[in-house]
Amino acid sequence: MRLRRKTAPTSGDQAAPAGPGRGRSHVGGVVAGSLAAGFVAAVILPFLPVGRVDVDFATAMVLFGFALGWALVAVLSTRFTDQPQRWAVAPAIFMALSGALVLLAPDAVVDALGWVWPPALVVLVVWAWTRARRALHSRTRV
């Protein structure tokens with residue numbers, strides 16, 4: 001019985017890469033579906049049957065829902081399209097951290113953040129807009 005030695009494949013042995021979009025979803029559908037899922041989560045999560053239901057809980061759950069949507073954009077576009085939107089991790093993290101702060105931080109900290117989050121959100125929106133314009137190469141960019 002002879003053992004074959006593994007060697008590096010030659011250029012003739014390599015399979016041709018799949019063409020663009022072959023076996024891949026359109027990025028527009030992934031983005032729209034992910035953001036729609038985030039919106040649905042943002043609508044449903046505040047109504048979870050838990051002991052503490054107040055304005056801070058509802059706000060945190062809405063932020064977690066939208067964070068889920070942005071995380072889905074990043075993960076699903078990377079996995080299922082040829083136009084990965086890795087930048088979408090930043091809004092997901094921003095919203096998840098904001099939700100955690102609203103839910104867990106003392107009221108004095110949440111009140112102080114009322115002055116910080118609007119400019120931070122504007123910066124995030126402008127940054128995400130420019131990153132999306134660079135990363136999208138289809139009509140979805142519009």
# chains A, B, ... in the order shown; residues from 1 in each chain; ligands from 1

call {"tool": "residues_around", "arguments": {"residues": "Val43 in chain A", "least_positions_apart": "4", "cutoff": "8 Å", "atoms": "only C-alpha atoms", "output": "PyMOL selection string"}}
result
chain A and resi 39+47+62+65

call {"tool": "write_last_selection", "arguments": {"atoms": "all heavy atoms", "output": "PDB file, in the first residue's frame"}}
result
ATOM      1  N   PHE A  39     -36.435  46.003  13.258  1.00  0.00           N
ATOM      2  CA  PHE A  39     -37.608  46.821  13.568  1.00  0.00           C
ATOM      3  C   PHE A  39     -38.666  45.994  14.285  1.00  0.00           C
ATOM      4  O   PHE A  39     -39.249  46.438  15.284  1.00  0.00           O
ATOM      5  CB  PHE A  39     -38.189  47.439  12.290  1.00  0.00           C
ATOM      6  CG  PHE A  39     -39.427  48.232  12.525  1.00  0.00           C
ATOM      7  CD1 PHE A  39     -39.351  49.493  13.092  1.00  0.00           C
ATOM      8  CD2 PHE A  39     -40.667  47.727  12.194  1.00  0.00           C
ATOM      9  CE1 PHE A  39     -40.501  50.240  13.318  1.00  0.00           C
ATOM     10  CE2 PHE A  39     -41.816  48.452  12.415  1.00  0.00           C
ATOM     11  CZ  PHE A  39     -41.730  49.720  12.981  1.00  0.00           C
ATOM     12  N   PHE A  47     -42.453  44.641  25.082  1.00  0.00           N
ATOM     13  CA  PHE A  47     -43.639  44.022  25.662  1.00  0.00           C
ATOM     14  C   PHE A  47     -43.364  42.653  26.268  1.00  0.00           C
ATOM     15  O   PHE A  47     -44.290  41.885  26.536  1.00  0.00           O
ATOM     16  CB  PHE A  47     -44.745  43.924  24.602  1.00  0.00           C
ATOM     17  CG  PHE A  47     -45.184  45.266  24.112  1.00  0.00           C
ATOM     18  CD1 PHE A  47     -44.769  45.749  22.883  1.00  0.00           C
ATOM     19  CD2 PHE A  47     -45.988  46.073  24.905  1.00  0.00           C
ATOM     20  CE1 PHE A  47     -45.159  46.998  22.435  1.00  0.00           C
ATOM     21  CE2 PHE A  47     -46.387  47.323  24.468  1.00  0.00           C
ATOM     22  CZ  PHE A  47     -45.971  47.787  23.231  1.00  0.00           C
ATOM     23  N   VAL A  62     -35.939  48.574  22.855  1.00  0.00           N
ATOM     24  CA  VAL A  62     -35.964  49.116  21.492  1.00  0.00           C
ATOM     25  C   VAL A  62     -34.533  49.206  20.950  1.00  0.00           C
ATOM     26  O   VAL A  62     -34.265  48.832  19.801  1.00  0.00           O
ATOM     27  CB  VAL A  62     -36.671  50.492  21.461  1.00  0.00           C
ATOM     28  CG1 VAL A  62     -36.446  51.195  20.138  1.00  0.00           C
ATOM     29  CG2 VAL A  62     -38.159  50.324  21.729  1.00  0.00           C
ATOM     30  N   GLY A  65     -33.352  45.791  20.056  1.00  0.00           N
ATOM     31  CA  GLY A  65     -33.962  45.336  18.807  1.00  0.00           C
ATOM     32  C   GLY A  65     -33.247  45.900  17.589  1.00  0.00           C
ATOM     33  O   GLY A  65     -32.930  45.173  16.642  1.00  0.00           O
TER      34      GLY A  65
END

call {"tool": "closest_residue", "arguments": {"among": "A:Leu76, A:Val122, A:Val27, A:Ala67", "to": "Ala90 in chain A", "atoms": "only C-alpha atoms"}}
result
A:Ala67

call {"tool": "closest_residue", "arguments": {"among": "A:Leu104, A:Leu72, A:Met95, A:Ala88", "to": "Trp117 in chain A", "atoms": "only C-alpha atoms"}}
result
A:Met95

call {"tool": "residues_around", "arguments": {"residues": "Val73 in chain A", "least_positions_apart": "2", "cutoff": "10 Å", "atoms": "only C-alpha atoms", "output": "JSON, numbers by chain"}}
result
{"A": [27, 30, 31, 32, 33, 34, 35, 37, 38, 67, 68, 69, 70, 71, 75, 76, 77, 78, 79, 84, 85, 86, 87, 88, 89, 92]}

call {"tool": "write_last_selection", "arguments": {"atoms": "N, CA and C atoms", "output": "PDB file, in the first residue's frame"}}
result
ATOM      1  N   VAL A  27     -27.476  41.801  -1.931  1.00  0.00           N
ATOM      2  CA  VAL A  27     -27.230  42.510  -0.682  1.00  0.00           C
ATOM      3  C   VAL A  27     -28.439  43.347  -0.281  1.00  0.00           C
ATOM      4  N   VAL A  30     -30.815  41.260   1.765  1.00  0.00           N
ATOM      5  CA  VAL A  30     -30.239  40.958   3.076  1.00  0.00           C
ATOM      6  C   VAL A  30     -30.342  42.174   3.988  1.00  0.00           C
ATOM      7  N   VAL A  31     -29.995  43.360   3.466  1.00  0.00           N
ATOM      8  CA  VAL A  31     -30.064  44.577   4.271  1.00  0.00           C
ATOM      9  C   VAL A  31     -31.503  44.879   4.664  1.00  0.00           C
ATOM     10  N   ALA A  32     -32.410  44.831   3.690  1.00  0.00           N
ATOM     11  CA  ALA A  32     -33.815  45.131   3.986  1.00  0.00           C
ATOM     12  C   ALA A  32     -34.400  44.129   4.981  1.00  0.00           C
ATOM     13  N   GLY A  33     -34.115  42.856   4.784  1.00  0.00           N
ATOM     14  CA  GLY A  33     -34.630  41.839   5.696  1.00  0.00           C
ATOM     15  C   GLY A  33     -34.060  41.968   7.094  1.00  0.00           C
ATOM     16  N   SER A  34     -32.786  42.261   7.183  1.00  0.00           N
ATOM     17  CA  SER A  34     -32.148  42.404   8.487  1.00  0.00           C
ATOM     18  C   SER A  34     -32.694  43.603   9.247  1.00  0.00           C
ATOM     19  N   LEU A  35     -32.811  44.740   8.557  1.00  0.00           N
ATOM     20  CA  LEU A  35     -33.333  45.929   9.222  1.00  0.00           C
ATOM     21  C   LEU A  35     -34.810  45.764   9.566  1.00  0.00           C
ATOM     22  N   ALA A  37     -36.170  42.870  10.385  1.00  0.00           N
ATOM     23  CA  ALA A  37     -36.147  42.006  11.570  1.00  0.00           C
ATOM     24  C   ALA A  37     -35.799  42.808  12.814  1.00  0.00           C
ATOM     25  N   GLY A  38     -34.870  43.748  12.684  1.00  0.00           N
ATOM     26  CA  GLY A  38     -34.520  44.616  13.808  1.00  0.00           C
ATOM     27  C   GLY A  38     -35.688  45.486  14.227  1.00  0.00           C
ATOM     28  N   ALA A  67     -30.202  47.048  17.558  1.00  0.00           N
ATOM     29  CA  ALA A  67     -28.848  46.474  17.563  1.00  0.00           C
ATOM     30  C   ALA A  67     -28.855  45.105  16.887  1.00  0.00           C
ATOM     31  N   LEU A  68     -29.891  44.331  17.138  1.00  0.00           N
ATOM     32  CA  LEU A  68     -30.028  43.035  16.484  1.00  0.00           C
ATOM     33  C   LEU A  68     -30.099  43.205  14.967  1.00  0.00           C
ATOM     34  N   GLY A  69     -30.882  44.171  14.515  1.00  0.00           N
ATOM     35  CA  GLY A  69     -30.993  44.407  13.078  1.00  0.00           C
ATOM     36  C   GLY A  69     -29.658  44.751  12.442  1.00  0.00           C
ATOM     37  N   TRP A  70     -28.882  45.644  13.071  1.00  0.00           N
ATOM     38  CA  TRP A  70     -27.582  46.015  12.519  1.00  0.00           C
ATOM     39  C   TRP A  70     -26.600  44.849  12.576  1.00  0.00           C
ATOM     40  N   ALA A  71     -26.665  44.060  13.640  1.00  0.00           N
ATOM     41  CA  ALA A  71     -25.792  42.885  13.725  1.00  0.00           C
ATOM     42  C   ALA A  71     -26.131  41.883  12.619  1.00  0.00           C
ATOM     43  N   VAL A  75     -23.552  40.328   9.828  1.00  0.00           N
ATOM     44  CA  VAL A  75     -23.312  38.885   9.754  1.00  0.00           C
ATOM     45  C   VAL A  75     -23.847  38.289   8.457  1.00  0.00           C
ATOM     46  N   LEU A  76     -25.091  38.590   8.125  1.00  0.00           N
ATOM     47  CA  LEU A  76     -25.698  37.969   6.950  1.00  0.00           C
ATOM     48  C   LEU A  76     -25.097  38.479   5.641  1.00  0.00           C
ATOM     49  N   SER A  77     -24.747  39.753   5.592  1.00  0.00           N
ATOM     50  CA  SER A  77     -24.140  40.256   4.353  1.00  0.00           C
ATOM     51  C   SER A  77     -22.746  39.662   4.153  1.00  0.00           C
ATOM     52  N   THR A  78     -22.042  39.419   5.231  1.00  0.00           N
ATOM     53  CA  THR A  78     -20.725  38.799   5.116  1.00  0.00           C
ATOM     54  C   THR A  78     -20.845  37.341   4.704  1.00  0.00           C
ATOM     55  N   ARG A  79     -21.834  36.681   5.238  1.00  0.00           N
ATOM     56  CA  ARG A  79     -21.982  35.243   4.985  1.00  0.00           C
ATOM     57  C   ARG A  79     -22.648  34.918   3.647  1.00  0.00           C
ATOM     58  N   PRO A  84     -19.819  42.299   1.665  1.00  0.00           N
ATOM     59  CA  PRO A  84     -19.936  42.287   3.127  1.00  0.00           C
ATOM     60  C   PRO A  84     -20.019  43.699   3.693  1.00  0.00           C
ATOM     61  N   GLN A  85     -20.877  43.854   4.664  1.00  0.00           N
ATOM     62  CA  GLN A  85     -21.095  45.148   5.310  1.00  0.00           C
ATOM     63  C   GLN A  85     -20.600  45.071   6.757  1.00  0.00           C
ATOM     64  N   ARG A  86     -19.305  44.872   6.915  1.00  0.00           N
ATOM     65  CA  ARG A  86     -18.730  44.706   8.253  1.00  0.00           C
ATOM     66  C   ARG A  86     -18.846  45.961   9.102  1.00  0.00           C
ATOM     67  N   TRP A  87     -18.976  47.103   8.481  1.00  0.00           N
ATOM     68  CA  TRP A  87     -19.113  48.364   9.207  1.00  0.00           C
ATOM     69  C   TRP A  87     -20.366  48.377  10.072  1.00  0.00           C
ATOM     70  N   ALA A  88     -21.364  47.552   9.753  1.00  0.00           N
ATOM     71  CA  ALA A  88     -22.629  47.548  10.495  1.00  0.00           C
ATOM     72  C   ALA A  88     -22.462  47.045  11.922  1.00  0.00           C
ATOM     73  N   VAL A  89     -21.301  46.514  12.248  1.00  0.00           N
ATOM     74  CA  VAL A  89     -21.036  46.099  13.627  1.00  0.00           C
ATOM     75  C   VAL A  89     -21.002  47.322  14.549  1.00  0.00           C
ATOM     76  N   ALA A  92     -24.410  48.403  15.685  1.00  0.00           N
ATOM     77  CA  ALA A  92     -24.931  47.346  16.560  1.00  0.00           C
ATOM     78  C   ALA A  92     -24.344  47.461  17.958  1.00  0.00           C
TER      79      ALA A  92
END

call {"tool": "atom_distance", "arguments": {"atom1": "CA of Asp54 in chain A", "atom2": "CA of Gly99 in chain A"}}
result
13.5 Å

call {"tool": "select_by_dssp", "arguments": {"residues": "range 16-132 of chain A", "states": "helix (DSSP H, G or I)", "output": "PyMOL selection string"}}
result
chain A and resi 27-47+55-80+86-104+107-132

call {"tool": "write_last_selection", "arguments": {"atoms": "C-alpha atoms", "output": "JSON list (two decimals), in the first residue's frame"}}
result
[["chain", "number", "residue", "atom", "x", "y", "z"],
["A", 27, "VAL", "CA", -27.23, 42.51, -0.68],
["A", 28, "GLY", "CA", -30.37, 44.67, -0.91],
["A", 29, "GLY", "CA", -32.59, 41.83, 0.25],
["A", 30, "VAL", "CA", -30.24, 40.96, 3.08],
["A", 31, "VAL", "CA", -30.06, 44.58, 4.27],
["A", 32, "ALA", "CA", -33.81, 45.13, 3.99],
["A", 33, "GLY", "CA", -34.63, 41.84, 5.70],
["A", 34, "SER", "CA", -32.15, 42.40, 8.49],
["A", 35, "LEU", "CA", -33.33, 45.93, 9.22],
["A", 36, "ALA", "CA", -36.96, 44.76, 9.06],
["A", 37, "ALA", "CA", -36.15, 42.01, 11.57],
["A", 38, "GLY", "CA", -34.52, 44.62, 13.81],
["A", 39, "PHE", "CA", -37.61, 46.82, 13.57],
["A", 40, "VAL", "CA", -39.90, 43.92, 14.44],
["A", 41, "ALA", "CA", -37.67, 43.04, 17.40],
["A", 42, "ALA", "CA", -37.72, 46.69, 18.52],
["A", 43, "VAL", "CA", -41.52, 46.65, 18.47],
["A", 44, "ILE", "CA", -41.90, 43.30, 20.26],
["A", 45, "LEU", "CA", -39.13, 43.37, 22.90],
["A", 46, "PRO", "CA", -40.58, 46.20, 25.06],
["A", 47, "PHE", "CA", -43.64, 44.02, 25.66],
["A", 55, "VAL", "CA", -39.58, 53.74, 30.31],
["A", 56, "ASP", "CA", -35.93, 52.72, 30.78],
["A", 57, "PHE", "CA", -36.75, 49.07, 30.12],
["A", 58, "ALA", "CA", -38.78, 49.92, 27.02],
["A", 59, "THR", "CA", -36.03, 52.20, 25.67],
["A", 60, "ALA", "CA", -33.37, 49.56, 26.28],
["A", 61, "MET", "CA", -35.41, 46.87, 24.53],
["A", 62, "VAL", "CA", -35.96, 49.12, 21.49],
["A", 63, "LEU", "CA", -32.22, 49.76, 21.33],
["A", 64, "PHE", "CA", -31.51, 46.02, 21.64],
["A", 65, "GLY", "CA", -33.96, 45.34, 18.81],
["A", 66, "PHE", "CA", -32.26, 47.80, 16.49],
["A", 67, "ALA", "CA", -28.85, 46.47, 17.56],
["A", 68, "LEU", "CA", -30.03, 43.04, 16.48],
["A", 69, "GLY", "CA", -30.99, 44.41, 13.08],
["A", 70, "TRP", "CA", -27.58, 46.02, 12.52],
["A", 71, "ALA", "CA", -25.79, 42.89, 13.72],
["A", 72, "LEU", "CA", -27.82, 40.85, 11.24],
["A", 73, "VAL", "CA", -26.78, 43.22, 8.45],
["A", 74, "ALA", "CA", -23.11, 42.66, 9.32],
["A", 75, "VAL", "CA", -23.31, 38.89, 9.75],
["A", 76, "LEU", "CA", -25.70, 37.97, 6.95],
["A", 77, "SER", "CA", -24.14, 40.26, 4.35],
["A", 78, "THR", "CA", -20.73, 38.80, 5.12],
["A", 79, "ARG", "CA", -21.98, 35.24, 4.99],
["A", 80, "PHE", "CA", -24.46, 35.33, 2.11],
["A", 86, "ARG", "CA", -18.73, 44.71, 8.25],
["A", 87, "TRP", "CA", -19.11, 48.36, 9.21],
["A", 88, "ALA", "CA", -22.63, 47.55, 10.49],
["A", 89, "VAL", "CA", -21.04, 46.10, 13.63],
["A", 90, "ALA", "CA", -20.39, 49.66, 14.89],
["A", 91, "PRO", "CA", -24.06, 50.73, 15.04],
["A", 92, "ALA", "CA", -24.93, 47.35, 16.56],
["A", 93, "ILE", "CA", -22.38, 47.79, 19.33],
["A", 94, "PHE", "CA", -23.35, 51.44, 19.88],
["A", 95, "MET", "CA", -27.04, 50.56, 20.26],
["A", 96, "ALA", "CA", -26.40, 47.50, 22.41],
["A", 97, "LEU", "CA", -24.13, 49.44, 24.77],
["A", 98, "SER", "CA", -26.62, 52.31, 24.90],
["A", 99, "GLY", "CA", -29.39, 49.87, 25.76],
["A", 100, "ALA", "CA", -27.29, 48.28, 28.48],
["A", 101, "LEU", "CA", -26.46, 51.69, 29.96],
["A", 102, "VAL", "CA", -30.10, 52.77, 29.93],
["A", 103, "LEU", "CA", -31.13, 49.51, 31.56],
["A", 104, "LEU", "CA", -28.36, 49.10, 34.14],
["A", 107, "ASP", "CA", -30.61, 57.48, 36.72],
["A", 108, "ALA", "CA", -27.98, 60.21, 37.17],
["A", 109, "VAL", "CA", -25.75, 58.56, 34.54],
["A", 110, "VAL", "CA", -28.68, 58.10, 32.15],
["A", 111, "ASP", "CA", -29.63, 61.76, 32.60],
["A", 112, "ALA", "CA", -26.04, 62.84, 31.89],
["A", 113, "LEU", "CA", -25.98, 60.68, 28.77],
["A", 114, "GLY", "CA", -28.98, 62.64, 27.53],
["A", 115, "TRP", "CA", -26.50, 65.36, 26.61],
["A", 116, "VAL", "CA", -23.93, 62.99, 25.08],
["A", 117, "TRP", "CA", -25.89, 60.58, 22.91],
["A", 118, "PRO", "CA", -27.39, 63.03, 20.34],
["A", 119, "PRO", "CA", -24.01, 64.26, 19.01],
["A", 120, "ALA", "CA", -22.59, 60.74, 19.23],
["A", 121, "LEU", "CA", -25.53, 59.43, 17.22],
["A", 122, "VAL", "CA", -25.08, 62.12, 14.56],
["A", 123, "VAL", "CA", -21.40, 61.19, 14.22],
["A", 124, "LEU", "CA", -22.33, 57.50, 13.99],
["A", 125, "VAL", "CA", -24.98, 58.16, 11.33],
["A", 126, "VAL", "CA", -22.60, 60.20, 9.17],
["A", 127, "TRP", "CA", -19.87, 57.58, 9.57],
["A", 128, "ALA", "CA", -22.24, 54.70, 8.76],
["A", 129, "TRP", "CA", -23.62, 56.58, 5.74],
["A", 130, "THR", "CA", -20.15, 57.09, 4.27],
["A", 131, "ARG", "CA", -19.12, 53.50, 4.98],
["A", 132, "ALA", "CA", -22.30, 52.16, 3.36]]
